[in-house]
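So this one's input_8.cif, mmCIF, C-alpha atoms and all ligand atoms:
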data_data
#
loop_
_atom_site.label_atom_id
_atom_site.label_comp_id
_atom_site.auth_asym_id
_atom_site.auth_seq_id
_atom_site.Cartn_x
_atom_site.Cartn_y
_atom_site.Cartn_z
CA MET A 365 -8.37 17.29 22.20
CA ARG A 366 -5.14 18.88 23.32
CA MET A 367 -3.05 18.67 26.40
CA ASP A 368 -3.11 22.21 27.70
CA SER A 369 -0.09 22.53 29.94
CA ALA A 370 2.92 20.72 31.24
CA THR A 371 1.16 20.07 34.52
CA ALA A 372 -1.89 18.51 32.93
CA ARG A 373 -2.43 14.85 33.65
CA LEU A 374 -1.59 12.54 30.81
CA ARG A 375 -4.63 10.65 29.60
CA LEU A 376 -4.01 6.95 29.14
CA TRP A 377 -5.50 4.65 26.57
CA LEU A 378 -5.26 1.11 27.95
CA VAL A 379 -4.99 -1.26 25.01
CA GLY A 380 -6.00 -4.86 25.65
CA GLU A 381 -8.50 -6.97 27.51
CA SER A 382 -6.39 -7.74 30.55
CA ALA A 383 -7.69 -6.77 34.02
CA ARG A 384 -7.10 -3.14 35.04
CA PRO A 385 -5.79 -2.77 38.57
CA THR A 386 -7.85 -0.32 40.64
CA TRP A 387 -4.82 1.86 41.48
CA LEU A 388 -4.56 2.57 37.76
CA SER A 389 -8.06 4.02 37.37
CA ASP A 390 -7.72 5.87 40.69
CA ALA A 391 -4.40 7.57 39.96
CA TYR A 392 -4.68 8.23 36.23
CA THR A 393 -7.11 9.62 33.71
CA VAL A 394 -8.16 6.71 31.56
CA ALA A 395 -9.57 7.45 28.10
CA ASP A 396 -11.78 4.99 26.28
CA GLY A 397 -10.04 5.34 22.93
CA PRO A 398 -7.10 6.97 21.17
CA GLU A 399 -8.92 10.21 20.27
CA HIS A 400 -9.01 11.51 23.84
CA ALA A 401 -5.73 9.98 25.01
CA ASP A 402 -2.12 11.18 25.10
CA VAL A 403 -0.31 7.91 25.74
CA ALA A 404 -1.16 4.31 24.85
CA VAL A 405 -0.34 1.52 27.29
CA LEU A 406 -0.11 -1.93 25.73
CA MET A 407 -1.49 -4.03 28.58
CA PRO A 408 0.07 -7.30 29.79
CA GLY A 409 -0.42 -10.22 27.42
CA THR A 410 -1.82 -8.03 24.62
CA PRO A 411 -0.51 -8.69 21.09
CA VAL A 412 1.09 -5.74 19.30
CA GLU A 413 -1.56 -6.01 16.56
CA ALA A 414 -4.13 -4.62 19.01
CA LEU A 415 -2.57 -1.23 18.29
CA ASP A 416 -3.13 -1.46 14.55
CA ASP A 417 -6.64 0.02 14.79
CA ARG A 418 -5.12 3.23 16.02
CA ARG A 419 -3.44 3.84 12.65
CA ALA A 420 -6.64 5.45 11.48
CA SER A 421 -5.54 8.92 12.59
CA ALA A 422 -2.17 10.66 12.68
CA HIS A 423 -2.80 11.62 16.30
CA ALA A 424 -3.18 7.97 17.25
CA ALA A 425 -0.29 6.76 15.11
CA LEU A 426 2.06 9.34 16.63
CA MET A 427 0.93 8.60 20.18
CA PRO A 428 3.77 7.25 22.33
CA VAL A 429 3.29 3.63 23.38
CA ILE A 430 4.35 2.26 26.76
CA ASN A 431 4.81 -1.44 26.23
CA ALA A 432 3.69 -3.48 29.25
CA SER A 433 2.68 -6.46 27.13
CA GLY A 434 5.63 -8.60 28.16
CA GLN A 435 6.59 -9.11 24.50
CA SER A 436 8.98 -7.07 22.43
CA MET A 437 7.42 -4.22 20.50
CA PRO A 438 9.65 -2.44 18.00
CA GLY A 439 8.61 1.19 17.87
CA ALA A 440 7.43 1.40 21.50
CA LEU A 441 8.61 4.51 23.32
CA CYS A 442 9.59 2.45 26.35
CA ASP A 443 9.03 -0.95 27.90
CA VAL A 444 7.94 -1.66 31.45
CA ALA A 445 8.65 -5.11 32.85
CA SER A 446 5.38 -5.17 34.77
CA LEU A 447 2.49 -2.83 35.41
CA GLN A 448 3.38 -1.14 38.72
CA PRO A 449 2.83 2.47 39.83
CA ALA A 450 6.54 3.33 40.09
CA LEU A 451 7.43 1.82 36.70
CA LEU A 452 4.45 3.44 34.99
CA ASP A 453 5.29 6.85 36.48
CA GLU A 454 8.84 6.55 35.23
CA ALA A 455 7.62 5.64 31.74
CA LEU A 456 5.16 8.54 31.72
CA GLY A 457 8.04 10.84 32.61
CA VAL A 458 9.69 9.73 29.37
CA ALA A 459 6.45 10.16 27.43
CA ARG A 460 5.57 13.64 28.71
CA PRO A 461 8.05 15.68 26.62
CA VAL A 462 7.03 13.70 23.54
CA VAL A 463 3.36 14.47 24.18
CA GLU A 464 4.21 18.14 24.72
CA ARG A 465 6.08 18.39 21.42
CA LEU A 466 3.20 16.68 19.61
CA ALA A 467 0.72 19.11 21.19
CA GLN A 468 2.54 22.03 19.57
CA LEU A 469 2.08 20.70 16.05
CA PRO A 470 -0.73 21.58 13.65
CA GLU A 471 -3.51 19.01 13.20
CA ILE A 472 -1.76 16.73 10.74
CA ASP A 473 -4.94 14.85 9.84
CA ALA A 474 -6.45 18.07 8.54
CA LEU A 475 -3.52 18.76 6.21
CA ALA A 476 -2.48 17.40 2.84
CA ASP A 477 0.62 15.15 2.74
CA THR A 478 -0.29 13.48 6.01
CA ALA A 479 2.23 10.66 5.66
CA ALA A 480 5.20 12.97 5.07
CA LEU A 481 4.21 15.20 7.97
CA MET A 482 3.78 12.14 10.20
CA VAL A 483 7.33 11.07 9.40
CA LEU A 484 8.62 14.51 10.37
CA ALA A 485 6.43 14.57 13.48
CA MET A 486 7.72 11.18 14.59
CA ALA A 487 11.37 12.23 14.25
CA HIS A 488 10.77 15.60 15.91
CA SER A 489 8.59 14.47 18.81
CA ARG A 490 10.96 11.63 19.77
CA GLN A 491 14.07 13.78 19.25
CA THR A 492 15.73 10.74 17.79
CA PRO A 493 16.45 9.58 14.24
CA ILE A 494 14.05 7.26 12.45
CA GLN A 495 16.03 4.04 12.79
CA ALA A 496 16.35 1.30 10.20
CA THR A 497 16.48 -2.16 11.80
CA TRP A 498 16.81 -5.71 10.52
CA ASP A 499 13.52 -7.51 10.09
CA PHE A 500 13.56 -10.82 8.28
CA THR A 501 9.78 -11.21 8.52
CA ARG A 502 9.61 -8.92 5.47
CA PRO A 503 11.25 -9.41 2.05
CA ALA A 504 13.20 -6.13 2.23
CA ALA A 505 14.80 -7.43 5.47
CA VAL A 506 14.78 -3.88 6.85
CA ARG A 507 12.06 -1.89 8.52
CA TYR A 508 11.39 1.44 10.16
CA ALA A 509 9.53 0.28 13.24
CA ALA A 510 8.56 3.80 14.30
CA LEU A 511 6.71 4.29 10.99
CA ARG A 512 4.62 1.14 11.17
CA GLY A 513 1.59 1.46 8.94
CA ILE A 514 2.97 4.10 6.55
CA GLU A 515 3.17 2.84 2.97
CA ASN A 516 6.15 3.21 0.62
CA VAL A 517 8.07 4.51 3.56
CA ARG A 518 11.51 4.23 1.96
CA GLU A 519 10.55 6.40 -1.02
CA LEU A 520 8.95 8.90 1.31
CA LEU A 521 12.03 9.10 3.52
CA GLU A 522 14.29 9.50 0.49
CA GLU A 523 12.08 12.27 -0.88
CA LEU A 524 12.21 14.14 2.42
CA ALA A 525 15.98 13.67 2.57
CA ALA A 526 16.36 15.01 -0.98
CA ALA A 527 14.39 18.05 0.14
CA GLU A 528 16.78 18.40 3.11
CA LEU A 529 13.99 18.02 5.64
CA LEU A 530 15.74 14.88 6.88
CA VAL A 531 19.43 14.07 6.96
CA ARG A 532 20.69 10.53 6.34
CA GLU A 533 23.08 8.36 8.27
CA ARG A 534 24.17 5.04 6.80
CA PHE A 535 22.61 1.86 8.16
CA ASP A 536 23.93 -0.71 5.71
CA CYS A 537 24.38 -1.60 2.08
CA ILE A 538 22.23 -4.62 1.26
CA HIS A 539 22.06 -6.94 -1.76
CA TYR A 540 18.68 -7.49 -3.34
CA CYS A 541 17.31 -10.04 -5.78
CA PRO A 542 17.04 -8.70 -9.35
CA ALA A 543 13.93 -10.83 -9.92
CA CYS A 544 11.76 -10.01 -6.91
CA ASP A 545 13.56 -7.10 -5.21
CA GLY A 546 13.76 -9.02 -1.93
CA SER A 547 16.80 -9.13 0.33
CA ARG A 548 16.27 -12.48 2.02
CA LEU A 549 19.19 -14.15 0.31
CA ASN A 550 21.51 -17.04 0.99
CA VAL A 551 25.08 -16.14 0.04
CA ARG A 552 27.00 -19.27 -0.92
CA GLU A 553 30.39 -20.49 -2.10
CA GLU A 554 29.76 -22.39 -5.30
CA CYS A 555 31.42 -24.55 -7.95
CA THR A 556 32.75 -22.31 -10.72
CA GLU A 557 31.55 -24.84 -13.33
CA CYS A 558 28.08 -25.97 -12.28
CA ARG A 559 27.16 -23.49 -9.46
CA SER A 560 26.45 -26.29 -7.01
CA SER A 561 27.07 -25.36 -3.38
CA ASP A 562 28.16 -28.97 -2.72
CA LEU A 563 31.81 -27.99 -2.32
CA GLY A 564 34.45 -29.83 -0.34
CA SER A 565 37.94 -28.57 0.26
CA GLU A 566 41.09 -30.66 0.22
CA PRO A 567 44.72 -29.73 0.97
CA LEU A 568 47.15 -29.46 -1.94
CA VAL A 569 50.42 -31.39 -1.69
CA HIS A 570 53.58 -30.17 -3.38
CA HIS A 571 56.47 -32.63 -3.85
CA TYR A 572 59.73 -30.62 -3.73
CA ARG A 573 61.89 -33.09 -5.57
CA CYS A 574 59.88 -33.40 -8.79
CA ALA A 575 57.76 -30.27 -8.30
CA TYR A 576 54.54 -32.23 -8.79
CA GLN A 577 51.51 -30.69 -7.09
CA ALA A 578 48.04 -32.19 -6.68
CA ARG A 579 45.23 -32.92 -4.21
CA GLU A 580 46.30 -34.86 -1.14
CA SER A 581 44.06 -37.81 -2.06
CA GLU A 582 46.20 -38.45 -5.17
CA PHE A 583 49.24 -38.93 -2.90
CA LEU A 584 47.58 -41.17 -0.32
CA ARG A 585 48.65 -44.80 -0.16
CA GLY A 586 46.97 -46.16 2.94
CA ARG A 587 48.12 -43.79 5.68
CA SER A 588 51.31 -42.65 3.96
CA LEU A 589 51.99 -40.36 1.02
CA GLU A 590 53.58 -41.36 -2.27
CA CYS A 591 54.15 -39.10 -5.27
CA PRO A 592 51.96 -40.29 -8.18
CA LYS A 593 54.46 -38.81 -10.67
CA CYS A 594 57.88 -40.01 -9.47
CA ARG A 595 56.70 -42.77 -7.12
CA ARG A 596 58.92 -41.62 -4.25
CA ALA A 597 57.64 -41.71 -0.70
CA LEU A 598 56.95 -38.36 0.99
CA ARG A 599 58.06 -38.66 4.60
CA HIS A 600 58.85 -35.32 6.15
CA TYR A 601 56.67 -32.26 5.92
CA GLY A 602 58.84 -29.24 5.16
CA VAL A 603 61.69 -31.48 3.89
CA ASP A 604 60.07 -33.67 1.21
CA TYR A 605 56.88 -31.73 0.63
CA ASP A 606 54.62 -28.94 1.81
CA LYS A 607 50.94 -28.06 1.62
CA PRO A 608 50.67 -24.73 -0.23
CA GLY A 609 46.91 -24.36 0.09
CA VAL A 610 43.58 -25.99 -0.47
CA VAL A 611 41.58 -26.82 -3.56
CA PHE A 612 37.80 -26.83 -3.76
CA VAL A 613 36.23 -29.93 -5.25
CA CYS A 614 32.63 -30.02 -6.44
CA GLY A 615 30.64 -32.95 -5.08
CA HIS A 616 28.23 -32.58 -7.98
CA CYS A 617 30.44 -32.38 -11.10
CA GLY A 618 33.92 -33.05 -9.69
CA ALA A 619 35.42 -29.78 -10.97
CA GLU A 620 38.36 -28.36 -9.02
CA SER A 621 39.10 -24.74 -8.39
CA SER A 622 41.35 -22.73 -6.13
CA ASP A 623 38.75 -19.98 -5.63
CA PRO A 624 35.09 -20.90 -5.40
CA ALA A 625 32.51 -18.64 -7.04
CA VAL A 626 30.06 -16.64 -4.91
CA GLY A 627 26.37 -16.83 -5.70
CA PHE A 628 23.10 -15.65 -4.18
CA LEU A 629 20.00 -17.77 -3.80
CA CYS A 630 16.79 -15.83 -3.17
CA ALA A 631 14.77 -17.36 -0.34
CA ASP A 632 11.60 -15.72 -1.62
CA CYS A 633 11.52 -16.49 -5.35
CA GLY A 634 14.26 -19.12 -5.66
CA ARG A 635 16.21 -17.19 -8.29
CA HIS A 636 19.95 -17.84 -8.43
CA THR A 637 22.18 -14.88 -9.27
CA ASP A 638 25.96 -14.71 -9.71
CA SER A 639 27.60 -12.23 -7.38
CA GLU A 640 28.78 -9.95 -10.20
CA ARG A 641 25.18 -9.52 -11.35
CA MET A 642 23.87 -8.52 -7.94
CA ASP A 643 23.05 -4.94 -7.05
CA THR A 644 22.98 -3.32 -3.66
CA ARG A 645 20.75 -0.78 -2.07
CA THR A 646 21.83 1.50 0.76
CA TRP A 647 19.52 1.87 3.71
CA TRP A 648 19.73 4.84 6.04
CA HIS A 649 18.62 6.20 9.37
CA TYR A 650 17.00 9.62 9.06
CA ALA A 651 17.17 12.56 11.47
CA ILE A 652 15.06 15.70 11.14
CA THR A 653 16.78 18.94 10.11
CA SER A 654 15.93 22.46 11.26
CA GLY A 655 14.23 22.91 7.87
CA GLY A 656 12.19 19.80 8.63
CA VAL A 657 11.11 21.20 12.00
CA THR A 658 10.04 24.47 10.34
CA ALA A 659 8.09 22.64 7.63
CA LEU A 660 6.41 20.47 10.26
CA HIS A 661 5.25 23.42 12.34
CA ARG A 662 3.96 25.19 9.24
CA GLY A 663 2.32 22.00 8.03
CA VAL A 664 3.67 22.63 4.53
CA LEU A 665 6.33 20.72 2.64
CA PRO A 666 8.54 23.35 1.00
CA HIS A 667 9.87 21.07 -1.72
CA LEU A 668 6.37 20.70 -3.14
CA SER A 669 5.79 24.45 -3.18
CA LEU A 670 5.50 26.77 -6.16
CA GLU A 671 8.85 28.30 -5.16
CA ALA A 672 10.66 24.97 -5.28
CA SER A 673 8.97 23.86 -8.51
CA MET A 674 10.01 27.05 -10.28
CA ALA A 675 13.54 27.09 -8.85
CA ARG A 676 14.16 23.55 -10.10
CA GLY A 677 12.83 24.16 -13.60
CA PRO A 678 14.86 25.38 -16.58
CA MET A 679 15.52 29.13 -16.18
CA GLY A 680 14.52 28.72 -12.53
CA TYR A 681 16.12 30.59 -9.63
CA TRP A 682 15.57 30.72 -5.89
CA VAL A 683 14.28 34.14 -4.86
CA ARG A 684 17.59 35.38 -3.48
CA ASP A 685 19.52 34.52 -6.67
CA PHE A 686 16.75 35.96 -8.80
CA MET A 687 17.02 39.26 -6.94
CA THR A 688 20.77 39.38 -7.50
CA LEU A 689 20.18 38.76 -11.20
CA LEU A 690 17.40 41.35 -11.36
CA ARG A 691 19.60 44.02 -9.75
CA PHE A 692 22.39 43.21 -12.19
CA GLU A 693 20.09 43.34 -15.23
CA GLN A 694 18.55 46.54 -13.90
CA ALA A 695 21.99 48.18 -13.70
CA GLN A 696 22.90 46.95 -17.18
CA ALA A 697 19.62 48.22 -18.64
CA ARG A 698 20.15 51.61 -17.06
CA ARG A 699 23.76 51.95 -18.16
CA TYR A 700 23.25 50.84 -21.75
CA GLN A 701 19.70 52.14 -22.15
CA ARG A 702 18.36 48.66 -22.80
CA PRO A 703 14.75 47.57 -22.27
CA LEU A 704 13.95 45.21 -19.38
CA SER A 705 10.56 43.89 -18.29
CA VAL A 706 9.03 41.58 -15.75
CA LEU A 707 5.90 39.45 -16.02
CA ILE A 708 4.00 38.67 -12.84
CA LEU A 709 1.79 35.57 -12.82
CA ARG A 710 -0.53 35.27 -9.86
CA VAL A 711 -2.03 31.88 -9.12
CA HIS A 712 -5.27 32.67 -7.32
CA ASN A 713 -6.60 29.28 -6.28
CA ILE A 714 -3.62 27.46 -4.76
CA GLU A 715 -5.49 26.73 -1.51
CA ALA A 716 -8.46 25.25 -3.33
CA MET A 717 -6.18 23.11 -5.53
CA SER A 718 -4.20 22.00 -2.49
CA ASP A 719 -7.39 20.97 -0.68
CA ALA A 720 -8.47 19.03 -3.74
CA TRP A 721 -5.23 17.20 -4.56
CA GLY A 722 -2.80 17.60 -1.68
CA GLY A 723 0.74 18.90 -1.97
CA ARG A 724 1.80 16.13 -4.29
CA GLY A 725 -1.00 16.73 -6.77
CA LEU A 726 -0.34 20.43 -6.54
CA SER A 727 3.34 19.99 -7.31
CA GLN A 728 2.34 18.13 -10.49
CA VAL A 729 0.24 21.10 -11.56
CA PHE A 730 3.24 23.32 -10.85
CA ALA A 731 5.40 21.02 -12.97
CA HIS A 732 3.00 21.58 -15.88
CA LEU A 733 3.27 25.31 -15.33
CA VAL A 734 7.07 25.04 -15.45
CA ASP A 735 6.75 23.20 -18.79
CA VAL A 736 4.52 25.95 -20.15
CA LEU A 737 6.98 28.64 -19.10
CA SER A 738 9.96 26.89 -20.64
CA GLU A 739 8.02 26.56 -23.90
CA CYS A 740 6.99 30.20 -24.03
CA LEU A 741 10.19 31.83 -22.81
CA ARG A 742 13.75 32.26 -24.04
CA GLN A 743 16.84 30.71 -22.48
CA THR A 744 17.98 34.15 -21.35
CA ASP A 745 14.82 34.76 -19.33
CA ALA A 746 14.72 33.98 -15.62
CA VAL A 747 11.93 32.67 -13.42
CA THR A 748 11.31 32.61 -9.69
CA ALA A 749 8.32 32.31 -7.37
CA ARG A 750 7.36 33.54 -3.95
CA ASP A 751 4.16 32.40 -2.24
CA HIS A 752 1.51 32.35 -4.98
CA VAL A 753 3.29 34.57 -7.46
CA VAL A 754 5.66 33.71 -10.32
CA TYR A 755 8.07 36.38 -11.56
CA VAL A 756 9.56 36.21 -15.04
CA LEU A 757 12.50 38.46 -15.89
CA LEU A 758 12.67 39.37 -19.60
CA PRO A 759 15.96 41.06 -20.55
CA GLU A 760 16.09 43.02 -23.82
CA THR A 761 12.32 43.15 -23.91
CA PRO A 762 10.39 46.43 -24.07
CA MET A 763 7.04 46.63 -22.28
CA ALA A 764 5.27 46.84 -25.63
CA GLU A 765 6.41 43.31 -26.53
CA THR A 766 5.45 41.72 -23.24
CA GLU A 767 1.74 41.71 -23.99
CA VAL A 768 2.30 39.10 -26.73
CA ILE A 769 4.24 36.90 -24.31
CA ALA A 770 1.67 37.40 -21.55
CA GLN A 771 -1.14 36.45 -23.91
CA ARG A 772 0.71 33.34 -25.08
CA LEU A 773 1.27 32.33 -21.45
CA ARG A 774 -2.41 32.75 -20.57
CA GLU A 775 -3.51 30.65 -23.53
CA THR A 776 -0.95 27.91 -23.02
CA VAL A 777 -1.71 27.62 -19.32
CA GLU A 778 -5.37 27.18 -20.19
CA THR A 779 -4.70 24.39 -22.67
CA VAL A 780 -1.73 22.60 -21.11
CA VAL A 781 -2.38 22.72 -17.39
CA ALA A 782 -5.28 20.31 -17.28
CA SER A 783 -6.79 21.71 -14.14
CA PRO A 784 -8.74 24.79 -13.24
CA MET A 785 -5.73 26.94 -12.38
CA GLN A 786 -6.77 30.54 -12.10
CA ILE A 787 -3.95 32.86 -13.11
CA THR A 788 -3.63 36.49 -14.04
CA VAL A 789 -0.60 37.95 -15.78
CA GLU A 790 0.58 41.49 -15.12
CA ARG A 791 3.42 43.31 -16.83
CA SER A 792 5.97 45.51 -15.24
CA GLY A 793 8.94 47.51 -16.51
CA GLY A 794 10.86 50.73 -16.12
CA VAL A 795 12.72 51.85 -13.02
CA ASP A 796 9.62 52.18 -10.86
CA GLY A 797 8.06 48.91 -11.94
CA LEU A 798 11.20 46.90 -11.30
CA SER A 799 11.73 48.53 -7.91
CA THR A 800 8.21 47.47 -6.96
CA VAL A 801 9.05 43.89 -7.97
CA LEU A 802 12.21 43.96 -5.87
CA GLU A 803 10.23 45.22 -2.89
CA ALA A 804 7.65 42.47 -3.30
CA LEU A 805 10.41 39.86 -3.35
CA THR A 806 12.19 41.33 -0.33
CA ASP A 807 9.19 41.10 2.00
ZN ZN A 901 13.90 -13.18 -5.52
ZN ZN A 902 57.41 -36.53 -7.17
ZN ZN A 903 30.27 -28.51 -10.08
#
Would it be possible to restate this file's structure as structure tokens?
Ligand SMILES: [Zn+2]
Ligand SMILES: [Zn+2]
Ligand SMILES: [Zn+2]
Amino acid sequence: MRMDSATARLRLWLVGESARPTWLSDAYTVADGPEHADVAVLMPGTPVEALDDRRASAHAALMPVINASGQSMPGALCDVASLQPALLDEALGVARPVVERLAQLPEIDALADTAALMVLAMAHSRQTPIQATWDFTRPAAVRYAALRGIENVRELLEELAAAELLVRERFDCIHYCPACDGSRLNVREECTECRSSDLGSEPLVHHYRCAYQARESEFLRGRSLECPKCRRALRHYGVDYDKPGVVFVCGHCGAESSDPAVGFLCADCGRHTDSERMDTRTWWHYAITSGGVTALHRGVLPHLSLEASMARGPMGYWVRDFMTLLRFEQAQARRYQRPLSVLILRVHNIEAMSDAWGGRGLSQVFAHLVDVLSECLRQTDAVTARDHVVYVLLPETPMAETEVIAQRLRETVETVVASPMQITVERSGGVDGLSTVLEALTD
């Protein structure tokens, strides 16, 4: 179900058992579940967990939530202090543009890579970065409240950032336990000898006259100070003595030190780690890029495409660079009367493979294909892809020799790519053939 226009009434899904005031049913369209609703309202007194059922579909998970529960709900679009017509109208005014942006997206549930597209849809529909926040109810101590219910969310966000569909902004750099990976840690000053945190500090006393320096307790005789080395009384601060600093004394082993050690105690697994052995992990907020918006509306993740797989492989080029290279090689071949050929591999069943395995599975198949190409080709060859077609540029290769290479490619693809990938290999060369290739790449 889609919202058809900006003037359409928003359909509300009232989540919770609490009584529904009559004005609510009179003035609004109330849906009986998330499928036919545009906005969820978490009713007064309802626990946040009541929304967890809705995670079943992307539509429901992306639905803006107006939190009227009276409790805090990280990830809610907005909170209303109480359920009143004016407050609800105001909240729906905030929700409307979000619902409109969501309505323009393809059906994410019907596509592969649902989780990645949901992340992009969340960032785009809210027009706000996906925020990292502190959350000490979980071992990582950080969460992305807007992406509640999505698994391995950090890896997913990093992958999308690497593909430039999201752009990162630093949240914080956080220590984590080398034993359990958790970040719920107590940072402590510790004894340098025995690592106990039972440290007391005591002022140091420095006797000017004999230059003796020690803890204050060594100088104390009742309430006055006497030098334990030269036995003179210390009367005037700044004249007889001064206090140049403090010393840390371990209550466990008695060791003294001027600088305590720093150690980390993991609250989850109990492991103690010295500070110099700790590692940190940087957490980020993520905003969607224009490339991310384009990918979202197409419903396809470009970094998992055949084009990206080929461009990242050895001998791989993005289409534009490949065309520059092809024009250069073409000019060289013409000038010096050298042979130059192109192989064209068409993958015929990408849609079927994508339906079967999703974009991620498909990109693994493409990775195998890249391996095959790098085995069969020379370092001087060049590879690119556009849509479902791979182009291989073979300098110094006459058309007559390309059949051997084409045959080897066909056979290796059959044996190495352990999936029913249907490919055909065509050969092209000469001025006309290469011009046709350039035209195909330009479109
Ligand atoms: Zn731990
Ligand atoms: Zn002295
Ligand atoms: Zn100690």
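Closest approach to Ala455 in chain A among A:Ala619, A:Ala467, A:Leu441, A:Ala526: A:Leu441, based on only C-alpha atoms.
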When you look at range 395-402 of chain A with a cut-off of 6 Å (counting all atoms listed in the file), what residues show up, excluding the ones that are within fewer than 3 positions of it in the same chain? I need them as a PyMOL selection string. chain A and resi 374-377+424
So that I can check the surroundings of Glu640 in chain A, please list as a list in words every protein, DNA and RNA residue that reaches within 9 Å of it, counting all atoms listed in the file and ignoring chain neighbours fewer than 3 positions away. Val626, Gly627, Thr637 and Asp643 of chain A
Could I get the residue neighbourhood of ligand ZN 901 (chain A) at 12 Å, counting all atoms listed in the file, as a JSON list (two decimals) with C-alpha atoms, in the frame of the given file?
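The file below, result-v8.json, is the result:
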[["chain", "number", "residue", "atom", "x", "y", "z"],
["A", 503, "PRO", "CA", 11.25, -9.41, 2.05],
["A", 504, "ALA", "CA", 13.20, -6.13, 2.23],
["A", 539, "HIS", "CA", 22.06, -6.94, -1.76],
["A", 540, "TYR", "CA", 18.68, -7.49, -3.34],
["A", 541, "CYS", "CA", 17.31, -10.04, -5.78],
["A", 542, "PRO", "CA", 17.04, -8.70, -9.35],
["A", 543, "ALA", "CA", 13.93, -10.83, -9.92],
["A", 544, "CYS", "CA", 11.76, -10.01, -6.91],
["A", 545, "ASP", "CA", 13.56, -7.10, -5.21],
["A", 546, "GLY", "CA", 13.76, -9.02, -1.93],
["A", 547, "SER", "CA", 16.80, -9.13, 0.33],
["A", 548, "ARG", "CA", 16.27, -12.48, 2.02],
["A", 549, "LEU", "CA", 19.19, -14.15, 0.31],
["A", 550, "ASN", "CA", 21.51, -17.04, 0.99],
["A", 628, "PHE", "CA", 23.10, -15.65, -4.18],
["A", 629, "LEU", "CA", 20.00, -17.77, -3.80],
["A", 630, "CYS", "CA", 16.79, -15.83, -3.17],
["A", 631, "ALA", "CA", 14.77, -17.36, -0.34],
["A", 632, "ASP", "CA", 11.60, -15.72, -1.62],
["A", 633, "CYS", "CA", 11.52, -16.49, -5.35],
["A", 634, "GLY", "CA", 14.26, -19.12, -5.66],
["A", 635, "ARG", "CA", 16.21, -17.19, -8.29],
["A", 636, "HIS", "CA", 19.95, -17.84, -8.43],
["A", 637, "THR", "CA", 22.18, -14.88, -9.27],
["A", 642, "MET", "CA", 23.87, -8.52, -7.94]]
For ligand ZN 902 (chain A), list the contacting residues at 12 Å or closer, counting only C-alpha atoms and all ligand atoms, as an NGL selection string. :A and (569-578 or 582-583 or 589-599 or 604-605)
Take the selection from the previous step and output its residues with C-alpha atoms, as a PDB file, in the frame of the given file.
ATOM      1  CA  VAL A 569      50.420 -31.390  -1.690  1.00  0.00           C
ATOM      2  CA  HIS A 570      53.580 -30.170  -3.380  1.00  0.00           C
ATOM      3  CA  HIS A 571      56.470 -32.630  -3.850  1.00  0.00           C
ATOM      4  CA  TYR A 572      59.730 -30.620  -3.730  1.00  0.00           C
ATOM      5  CA  ARG A 573      61.890 -33.090  -5.570  1.00  0.00           C
ATOM      6  CA  CYS A 574      59.880 -33.400  -8.790  1.00  0.00           C
ATOM      7  CA  ALA A 575      57.760 -30.270  -8.300  1.00  0.00           C
ATOM      8  CA  TYR A 576      54.540 -32.230  -8.790  1.00  0.00           C
ATOM      9  CA  GLN A 577      51.510 -30.690  -7.090  1.00  0.00           C
ATOM     10  CA  ALA A 578      48.040 -32.190  -6.680  1.00  0.00           C
ATOM     11  CA  GLU A 582      46.200 -38.450  -5.170  1.00  0.00           C
ATOM     12  CA  PHE A 583      49.240 -38.930  -2.900  1.00  0.00           C
ATOM     13  CA  LEU A 589      51.990 -40.360   1.020  1.00  0.00           C
ATOM     14  CA  GLU A 590      53.580 -41.360  -2.270  1.00  0.00           C
ATOM     15  CA  CYS A 591      54.150 -39.100  -5.270  1.00  0.00           C
ATOM     16  CA  PRO A 592      51.960 -40.290  -8.180  1.00  0.00           C
ATOM     17  CA  LYS A 593      54.460 -38.810 -10.670  1.00  0.00           C
ATOM     18  CA  CYS A 594      57.880 -40.010  -9.470  1.00  0.00           C
ATOM     19  CA  ARG A 595      56.700 -42.770  -7.120  1.00  0.00           C
ATOM     20  CA  ARG A 596      58.920 -41.620  -4.250  1.00  0.00           C
ATOM     21  CA  ALA A 597      57.640 -41.710  -0.700  1.00  0.00           C
ATOM     22  CA  LEU A 598      56.950 -38.360   0.990  1.00  0.00           C
ATOM     23  CA  ARG A 599      58.060 -38.660   4.600  1.00  0.00           C
ATOM     24  CA  ASP A 604      60.070 -33.670   1.210  1.00  0.00           C
ATOM     25  CA  TYR A 605      56.880 -31.730   0.630  1.00  0.00           C
TER      26      TYR A 605
END
Residues of chain A that have any atom at most 6 Å from an atom of ligand ZN 903 (chain A): could you tabulate them with the shortest-distance atom pair and the distance in Å to one decimal, using all atoms listed in the file, ordered by chain and increasing number, as CSV?
residue,atom,partner,partner_atom,distance
A:Cys555,CA,A:ZN903,ZN,4.6
A:Glu557,CA,A:ZN903,ZN,5.1
A:Cys558,CA,A:ZN903,ZN,4.0
A:Arg559,CA,A:ZN903,ZN,5.9
A:Ser560,CA,A:ZN903,ZN,5.4
A:Cys614,CA,A:ZN903,ZN,4.6
A:His616,CA,A:ZN903,ZN,5.0
A:Cys617,CA,A:ZN903,ZN,4.0
A:Gly618,CA,A:ZN903,ZN,5.8
A:Ala619,CA,A:ZN903,ZN,5.4
Fewer than 3 positions away in the same chain doesn't count, so skip those; otherwise give me all residues within 10 Å of Arg742 in chain A, counting all atoms listed in the file, as JSON, numbers by chain. {"A": [679, 737, 738, 739, 745, 746, 758, 759]}
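One finds CA of Ala479 in chain A at 26.9 Å from CA of Thr410 in chain A.
Of the residues listed (A:His732, A:Arg645, A:Pro411, A:Leu709), A:Leu709 shows the shortest atom-to-atom separation from Val789 in chain A; distances use all atoms listed in the file.
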